[in-house]
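Engineer: Here you go, one structure.
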Amino acid sequence: MYSVALTDKQTLELLERKYPQITSDEVLLKVHAIGVCGSDLRVYQHGDARVDFPRVIGHEIAGEVVESGSNLSRFQTGDRVTLGAHIPCGECVFCQKNEGHQCVEGKSMGYHVDGGFAEYVVLPKKFVENGSIQKIADTTSYELASLSEPFSCVLSGLYEVDVKPGENVVVYGAGAIGCMYIAALKKMGAAKVIAVQRSAPRRQKALECGADIVIDPNSADTALEISDATRGLGADTVIVTAPSTEVQKEALEVVKKTGKVLFFAGIKNVTEVPINTNHFIYKQLKVVGTHGAPRHLHIEAVKWIDEGLLDFSSFITHTFPLKETDKAFETAVSKEGLKCVVKPTE
C-alpha cells in the first residue's frame with residue numbers, strides 16, 4: 001500500500017509499505033477521503049511534540065471497512081464510515097463524563113498513531129472502543145463525510161456560546177472553519193452575520209456562505225463598521241477562528257455588554273498577551289474556548305451532512321490524489337481555497 005508520511009518539517013514523502021495486518025480488536029479502513037486540517041498544517045510547518053517522524057498525519061477521515069477484528073461485531077466489511085479525531089482512554093474522569101475530547105492522555109489519530117493520508121488506516125483498539133466511528137448514509141459522498149470531524153468542532157463552539165436566533169454575530173476569519181460557522185449561524189437563525197477577513201477570495205466565499213456583511217480590516221475600521229451594523233451596541237456573539245492575538249483583543253472590544261466571545265483558533269507561538277480584563281468585568285462577558293468535540297456532536301455533524309442541512313460541497317474547493325498530497329498542503333498553506341481533500345483511491 002501507499003502512504004504519505006511527514007518525515008521532517010515541511011517534508012512529505014510518498015512511501016510504499018506492507019499491507020496492514022490487524023489484531024482481533026482493530027478495524028482496517030480503506031481511506032476514500034481525508035481533509036487537510038489547519039492543525040495538520042501546523043504540524044507540517046512547525047512540528048509537534050506529540051508527532052514522531054516519520055508519521056502519517058491526518059484525522060479528517062472517511063472510508064470503507066475492509067476488515068474487522070474477530071472480537072468485534074459492530075462493524076462489517078463494506079460499512080461506509082467517518083471518524084472523529086480523538087482516541088479516548090475510556091477511563092479518566094473526562095472520558096467517564098463522555099468528554100473524550102478532553103481525555104487526560106490527549107491522544108489523536110494522525111498524532112500518536114498513523115492517520116489518514118494513506119490508502120489504508122488501522123483503527124487501534126482504544127479508538128474502536130472509545131472513539132467516534134459513525135456510519136454514513138448511502139447518499140453521502142466520502143468527500144462530504146470527511147467534513148464531519150471539523151464540523152463537529154464548529155457545533156461544539158456554537159453550543160458552548162449558546163447562539164440564539166436573532167443574534168448579531170461577528171466571525172473573524174473566513175477559512176473553512178469560519179465559513180462553516182457563517183453557514184451554520186444563518187441556518188440557526190442569526191439575524192446578521194458579519195465576517196472579518198483580509199483575503200479577497202475568502203471574503204467572497206464568506207458572502208457565498210451567507211454572510212450579511214463582510215469587512216476588509218486592511219481598508220476599514222473594523223470596530224466602527226461593527227458598531228454601525230449593530231446600532232452602536234456591538235455584537236451579541238463574536239467567534240474568533242483566526243490565530244491572532246490582536247484579533248482576540250479586538251473581539252473583547254466589539255462584543256456588546258453581556259455578550260459572548262468564543263476563541264476557537266489556537267495561537268501558533270504562545271506568548272503572554274496583555275488583555276484588558278475590565279471588558280470581562282464591566283461588560284459582564286462570557287468568554288470561552290473550545291477544542292475538538294465530544295462524540296455526540298460528531299454524531300450530530302454526520303446527521304447535518306447526511307440530511308443536507310447545509311451546502312457542504314461549497315466548503316471543498318480542491319481535491320487531490322494521494323500522490324499529490326504535497327500539492328494539497330501547499331494549496332492549503334497558500335490559502336488559495338477553503339478545504340483541500342485528498343482522495344487516496346484515485
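Residues in the C-alpha cells are numbered from 1 in each chain, the chains being A, B, ... in the order shown, and ligands are numbered from 1 in the order shown.
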Counting only C-alpha atoms, give me one row per residue of range 208-309 of chain A with an atom at most 12 Å from an atom of range 106-127 of chain A, showing the shortest contact pair and its distance in Å to one decimal, sorted by chain then residue number, as CSV.
Structural biologist:
residue,atom,partner,partner_atom,distance
A:His291,CA,A:Gly106,CA,11.4
A:Gly292,CA,A:Ser108,CA,10.4
A:Arg295,CA,A:Phe127,CA,11.7
Engineer: Distance table requested - range 22-97 of chain A against range 241-257 of chain A, cut-off 12 Å, only C-alpha atoms: one row per qualifying residue with the closest atom pair and its distance in Å to one decimal, ordered by chain and rising residue number, as a Markdown table.
Structural biologist:
| residue | atom | partner | partner_atom | distance |
| --- | --- | --- | --- | --- |
| A:Gly38 | CA | A:Pro243 | CA | 10.3 |
| A:Ser39 | CA | A:Pro243 | CA | 11.4 |
| A:Arg42 | CA | A:Pro243 | CA | 11.2 |
Engineer: Could you pull out the residues in range 124-172 of chain A that DSSP calls strand (DSSP E) from the backbone, as a ChimeraX atom specification?
Structural biologist: /A:133-135,168-172
Engineer: Those same residues, written as a PDB file, in the first residue's frame with all heavy atoms?
Structural biologist:
ATOM      1  N   ILE A 133     -16.749   6.422  15.522  1.00  0.00           N
ATOM      2  CA  ILE A 133     -16.787   5.824  14.183  1.00  0.00           C
ATOM      3  C   ILE A 133     -18.251   5.757  13.796  1.00  0.00           C
ATOM      4  O   ILE A 133     -19.018   4.984  14.366  1.00  0.00           O
ATOM      5  CB  ILE A 133     -16.181   4.407  14.176  1.00  0.00           C
ATOM      6  CG1 ILE A 133     -14.775   4.414  14.800  1.00  0.00           C
ATOM      7  CG2 ILE A 133     -16.132   3.857  12.753  1.00  0.00           C
ATOM      8  CD1 ILE A 133     -14.190   3.027  15.006  1.00  0.00           C
ATOM      9  N   GLN A 134     -18.664   6.609  12.859  1.00  0.00           N
ATOM     10  CA  GLN A 134     -20.089   6.735  12.540  1.00  0.00           C
ATOM     11  C   GLN A 134     -20.363   6.321  11.101  1.00  0.00           C
ATOM     12  O   GLN A 134     -19.656   6.738  10.178  1.00  0.00           O
ATOM     13  CB  GLN A 134     -20.551   8.183  12.767  1.00  0.00           C
ATOM     14  CG  GLN A 134     -20.278   8.706  14.161  1.00  0.00           C
ATOM     15  CD  GLN A 134     -20.874   7.837  15.249  1.00  0.00           C
ATOM     16  OE1 GLN A 134     -21.959   7.276  15.085  1.00  0.00           O
ATOM     17  NE2 GLN A 134     -20.177   7.721  16.375  1.00  0.00           N
ATOM     18  N   LYS A 135     -21.394   5.529  10.932  1.00  0.00           N
ATOM     19  CA  LYS A 135     -21.807   5.132   9.595  1.00  0.00           C
ATOM     20  C   LYS A 135     -22.479   6.316   8.910  1.00  0.00           C
ATOM     21  O   LYS A 135     -23.137   7.136   9.551  1.00  0.00           O
ATOM     22  CB  LYS A 135     -22.758   3.939   9.670  1.00  0.00           C
ATOM     23  CG  LYS A 135     -22.099   2.684  10.221  1.00  0.00           C
ATOM     24  CD  LYS A 135     -23.076   1.522  10.321  1.00  0.00           C
ATOM     25  CE  LYS A 135     -22.407   0.304  10.947  1.00  0.00           C
ATOM     26  NZ  LYS A 135     -23.334  -0.842  11.087  1.00  0.00           N
ATOM     27  N   ASN A 168     -26.888  39.060  16.446  1.00  0.00           N
ATOM     28  CA  ASN A 168     -25.893  39.586  15.519  1.00  0.00           C
ATOM     29  C   ASN A 168     -24.545  38.988  15.911  1.00  0.00           C
ATOM     30  O   ASN A 168     -24.116  39.113  17.066  1.00  0.00           O
ATOM     31  CB  ASN A 168     -25.823  41.111  15.597  1.00  0.00           C
ATOM     32  CG  ASN A 168     -27.094  41.766  15.098  1.00  0.00           C
ATOM     33  OD1 ASN A 168     -27.678  41.308  14.120  1.00  0.00           O
ATOM     34  ND2 ASN A 168     -27.531  42.819  15.763  1.00  0.00           N
ATOM     35  N   VAL A 169     -23.895  38.305  14.948  1.00  0.00           N
ATOM     36  CA  VAL A 169     -22.669  37.552  15.249  1.00  0.00           C
ATOM     37  C   VAL A 169     -21.543  37.994  14.333  1.00  0.00           C
ATOM     38  O   VAL A 169     -21.737  38.132  13.117  1.00  0.00           O
ATOM     39  CB  VAL A 169     -22.900  36.034  15.093  1.00  0.00           C
ATOM     40  CG1 VAL A 169     -21.657  35.263  15.517  1.00  0.00           C
ATOM     41  CG2 VAL A 169     -24.115  35.579  15.903  1.00  0.00           C
ATOM     42  N   VAL A 170     -20.375  38.212  14.916  1.00  0.00           N
ATOM     43  CA  VAL A 170     -19.174  38.514  14.148  1.00  0.00           C
ATOM     44  C   VAL A 170     -18.313  37.262  14.096  1.00  0.00           C
ATOM     45  O   VAL A 170     -18.085  36.611  15.118  1.00  0.00           O
ATOM     46  CB  VAL A 170     -18.376  39.669  14.773  1.00  0.00           C
ATOM     47  CG1 VAL A 170     -17.027  39.835  14.056  1.00  0.00           C
ATOM     48  CG2 VAL A 170     -19.165  40.968  14.695  1.00  0.00           C
ATOM     49  N   VAL A 171     -17.830  36.909  12.895  1.00  0.00           N
ATOM     50  CA  VAL A 171     -16.912  35.794  12.720  1.00  0.00           C
ATOM     51  C   VAL A 171     -15.610  36.338  12.145  1.00  0.00           C
ATOM     52  O   VAL A 171     -15.595  36.868  11.023  1.00  0.00           O
ATOM     53  CB  VAL A 171     -17.493  34.710  11.784  1.00  0.00           C
ATOM     54  CG1 VAL A 171     -16.475  33.594  11.572  1.00  0.00           C
ATOM     55  CG2 VAL A 171     -18.800  34.156  12.344  1.00  0.00           C
ATOM     56  N   TYR A 172     -14.548  36.234  12.916  1.00  0.00           N
ATOM     57  CA  TYR A 172     -13.221  36.627  12.430  1.00  0.00           C
ATOM     58  C   TYR A 172     -12.586  35.431  11.734  1.00  0.00           C
ATOM     59  O   TYR A 172     -12.395  34.372  12.336  1.00  0.00           O
ATOM     60  CB  TYR A 172     -12.328  37.069  13.583  1.00  0.00           C
ATOM     61  CG  TYR A 172     -12.578  38.472  14.088  1.00  0.00           C
ATOM     62  CD1 TYR A 172     -13.449  38.708  15.143  1.00  0.00           C
ATOM     63  CD2 TYR A 172     -11.924  39.559  13.512  1.00  0.00           C
ATOM     64  CE1 TYR A 172     -13.664  39.991  15.621  1.00  0.00           C
ATOM     65  CE2 TYR A 172     -12.130  40.859  13.979  1.00  0.00           C
ATOM     66  CZ  TYR A 172     -13.006  41.060  15.035  1.00  0.00           C
ATOM     67  OH  TYR A 172     -13.221  42.345  15.496  1.00  0.00           O
TER      68      TYR A 172
END
Engineer: Measuring between only C-alpha atoms, which one of A:Glu13, A:Glu60, A:Asp216, A:Glu336 shows the shortest distance to Thr317 in chain A?
Structural biologist: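 That would be A:Glu336, the residue with the smallest distance to Thr317 in chain A.
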Engineer: Tell me which of A:Ala332, A:Leu155, A:Ala235, A:Val288 sits closest to Ala191 in chain A, counting only C-alpha atoms.
Structural biologist: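 Between A:Ala332, A:Leu155, A:Ala235, A:Val288, the residue approaching Ala191 in chain A most closely is A:Ala235.
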Engineer: Could you give me, as a ChimeraX atom specification, the residues within 8 Å of range 32-37 of chain A, counting only C-alpha atoms and dropping anything in the same chain fewer than 4 positions from it?
Structural biologist: /A:41,58-64,116-117,119,142-143,146-147,150,328-329,332,339-345
Engineer: May I have the residues from that selection written out with N, CA and C atoms, as a short mmCIF file (atom, residue, chain, number, x, y, z; two decimals), in the first residue's frame?
Structural biologist:
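Just written: part_39.cif:
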data_model
loop_
_atom_site.label_atom_id
_atom_site.label_comp_id
_atom_site.auth_asym_id
_atom_site.auth_seq_id
_atom_site.Cartn_x
_atom_site.Cartn_y
_atom_site.Cartn_z
N LEU A 41 -1.57 21.49 9.09
CA LEU A 41 -0.64 22.48 8.55
C LEU A 41 0.36 22.94 9.60
N GLY A 58 -3.05 13.31 9.64
CA GLY A 58 -4.38 13.40 9.06
C GLY A 58 -5.44 12.70 9.89
N HIS A 59 -6.52 13.43 10.24
CA HIS A 59 -7.57 12.87 11.08
C HIS A 59 -8.98 13.11 10.55
N GLU A 60 -9.13 13.86 9.47
CA GLU A 60 -10.47 14.12 8.91
C GLU A 60 -10.77 13.01 7.88
N ILE A 61 -11.11 11.84 8.38
CA ILE A 61 -11.08 10.60 7.59
C ILE A 61 -12.48 10.06 7.33
N ALA A 62 -12.70 9.65 6.07
CA ALA A 62 -13.91 8.90 5.72
C ALA A 62 -13.50 7.73 4.83
N GLY A 63 -14.10 6.58 5.07
CA GLY A 63 -13.69 5.43 4.27
C GLY A 63 -14.58 4.22 4.47
N GLU A 64 -14.07 3.09 4.02
CA GLU A 64 -14.84 1.85 3.95
C GLU A 64 -14.15 0.76 4.79
N GLY A 116 -4.67 9.40 8.22
CA GLY A 116 -5.41 9.08 7.01
C GLY A 116 -4.81 9.40 5.67
N PHE A 117 -3.62 9.98 5.59
CA PHE A 117 -3.04 10.24 4.27
C PHE A 117 -2.36 8.97 3.77
N GLU A 119 -3.56 4.83 1.74
CA GLU A 119 -4.62 4.03 1.14
C GLU A 119 -5.44 3.29 2.20
N TYR A 142 -18.03 10.26 0.27
CA TYR A 142 -16.94 10.23 1.23
C TYR A 142 -16.31 11.61 1.40
N GLU A 143 -16.25 12.39 0.32
CA GLU A 143 -15.70 13.75 0.42
C GLU A 143 -16.46 14.56 1.45
N SER A 146 -15.98 13.46 5.08
CA SER A 146 -14.72 13.84 5.72
C SER A 146 -14.83 15.18 6.44
N LEU A 147 -15.89 15.93 6.17
CA LEU A 147 -16.10 17.21 6.85
C LEU A 147 -16.75 17.04 8.22
N PRO A 150 -14.33 18.27 11.34
CA PRO A 150 -14.24 19.71 11.57
C PRO A 150 -15.59 20.35 11.88
N ALA A 328 -1.66 19.42 -2.09
CA ALA A 328 -2.81 19.74 -1.24
C ALA A 328 -2.36 20.62 -0.08
N PHE A 329 -1.23 20.28 0.53
CA PHE A 329 -0.72 21.07 1.65
C PHE A 329 -0.27 22.45 1.18
N ALA A 332 -3.30 24.56 0.63
CA ALA A 332 -3.91 24.97 1.89
C ALA A 332 -3.08 26.04 2.59
N LYS A 339 -11.28 24.21 1.84
CA LYS A 339 -10.92 22.87 2.29
C LYS A 339 -10.33 22.07 1.14
N CYS A 340 -9.11 21.55 1.36
CA CYS A 340 -8.48 20.64 0.41
C CYS A 340 -8.69 19.21 0.90
N VAL A 341 -9.13 18.34 -0.01
CA VAL A 341 -9.40 16.95 0.34
C VAL A 341 -8.56 16.05 -0.55
N VAL A 342 -7.88 15.08 0.07
CA VAL A 342 -7.11 14.08 -0.66
C VAL A 342 -7.96 12.82 -0.79
N LYS A 343 -7.93 12.22 -1.99
CA LYS A 343 -8.73 11.01 -2.27
C LYS A 343 -7.77 9.88 -2.64
N PRO A 344 -7.35 9.08 -1.66
CA PRO A 344 -6.34 8.05 -1.90
C PRO A 344 -6.74 6.95 -2.88
N THR A 345 -8.04 6.78 -3.13
CA THR A 345 -8.45 5.72 -4.05
C THR A 345 -8.34 6.13 -5.51
#
Engineer: Taking only range 36-168 of chain A into account, list the residues labelled alpha helix (DSSP H) by DSSP (computed from the backbone), as an MDAnalysis selection string.
Structural biologist: chainID A and resid 38:46 93:96 125:130 142:145 148:161
Engineer: Extract, using only C-alpha atoms, all DNA, RNA and protein residues at most 12 Å from Asp228 in chain A, discarding same-chain residues fewer than 6 positions from it, and format them as a PyMOL selection string.
Structural biologist: chain A and resi 194+213+221-222+234-235+254
Engineer: Go through A:Leu6, A:Ile22, A:Ser68, A:Lys303 one by one, measure the shortest atom-to-atom distance of each to Asp52 in chain A using only C-alpha atoms, and give the residue with the smallest value.
Structural biologist: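 Selected residue with least distance to Asp52 in chain A: A:Leu6.
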Engineer: What does the distance from CA of Thr77 in chain A to CA of Pro294 in chain A come to in Å, to one decimal?
Structural biologist: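 So the answer is 26.3 Å.
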Engineer: Using only C-alpha atoms, determine which residues lie at most 9 Å from Asp326 in chain A, disregarding the query and same-chain residues fewer than 6 positions distant; provide the list as a PyMOL selection string.
Structural biologist: chain A and resi 4+11-13
Engineer: What separation in Å, quoted to one decimal, exists between CA of Ile177 in chain A and CA of Phe151 in chain A?
Structural biologist: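 CA of Phe151 in chain A lies at a distance of 7.6 Å from CA of Ile177 in chain A.
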Engineer: Please provide the set of residues having any atom within 7 Å of His298 in chain A, restricted to only C-alpha atoms, with same-chain residues fewer than 3 positions apart removed, written as a list of chain:residue names.
Structural biologist: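 Close residues of His298 in chain A: A:Gly84, A:Ser148, A:Glu149, A:Ser152, A:Ala293, A:Pro294, A:Arg295, A:Ala301, A:Val302.
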Engineer: Emit the selected residues as a compact mmCIF listing (two decimals), in the first residue's frame, including N, CA, C and O atoms.
Structural biologist:
# COMPACT_ATOMS: atom_id res chain seq x y z
N GLY A 84 -14.19 10.51 14.07
CA GLY A 84 -13.74 11.62 14.89
C GLY A 84 -12.23 11.57 14.98
O GLY A 84 -11.58 10.68 14.41
N SER A 148 -17.13 15.82 8.56
CA SER A 148 -17.86 15.62 9.82
C SER A 148 -17.02 15.98 11.03
O SER A 148 -17.54 16.54 12.01
N GLU A 149 -15.72 15.67 10.99
CA GLU A 149 -14.89 15.98 12.16
C GLU A 149 -14.74 17.49 12.35
O GLU A 149 -15.01 17.99 13.46
N SER A 152 -18.06 18.98 13.48
CA SER A 152 -18.40 18.68 14.87
C SER A 152 -17.74 19.69 15.81
O SER A 152 -18.32 20.08 16.84
N ALA A 293 -14.27 18.05 19.85
CA ALA A 293 -15.71 17.87 20.03
C ALA A 293 -15.98 16.51 20.66
O ALA A 293 -15.28 15.53 20.38
N PRO A 294 -17.00 16.43 21.51
CA PRO A 294 -17.39 15.14 22.07
C PRO A 294 -18.08 14.28 21.02
O PRO A 294 -18.53 14.78 19.98
N ARG A 295 -18.18 13.00 21.29
CA ARG A 295 -18.73 12.07 20.31
C ARG A 295 -20.15 12.41 19.90
O ARG A 295 -20.51 12.28 18.72
N ALA A 301 -23.02 16.07 13.72
CA ALA A 301 -22.42 16.61 12.49
C ALA A 301 -22.71 15.68 11.31
O ALA A 301 -23.02 16.15 10.21
N VAL A 302 -22.61 14.38 11.54
CA VAL A 302 -22.92 13.41 10.47
C VAL A 302 -24.37 13.56 10.04
O VAL A 302 -24.70 13.51 8.84
Engineer: Need to verify the contact set: Gln21 in chain A, 10 Å, only C-alpha atoms, exclusion of same-chain residues closer than 5 positions in sequence. Can you return it as an MDAnalysis selection string?
Structural biologist: chainID A and resid 26:28 67 122
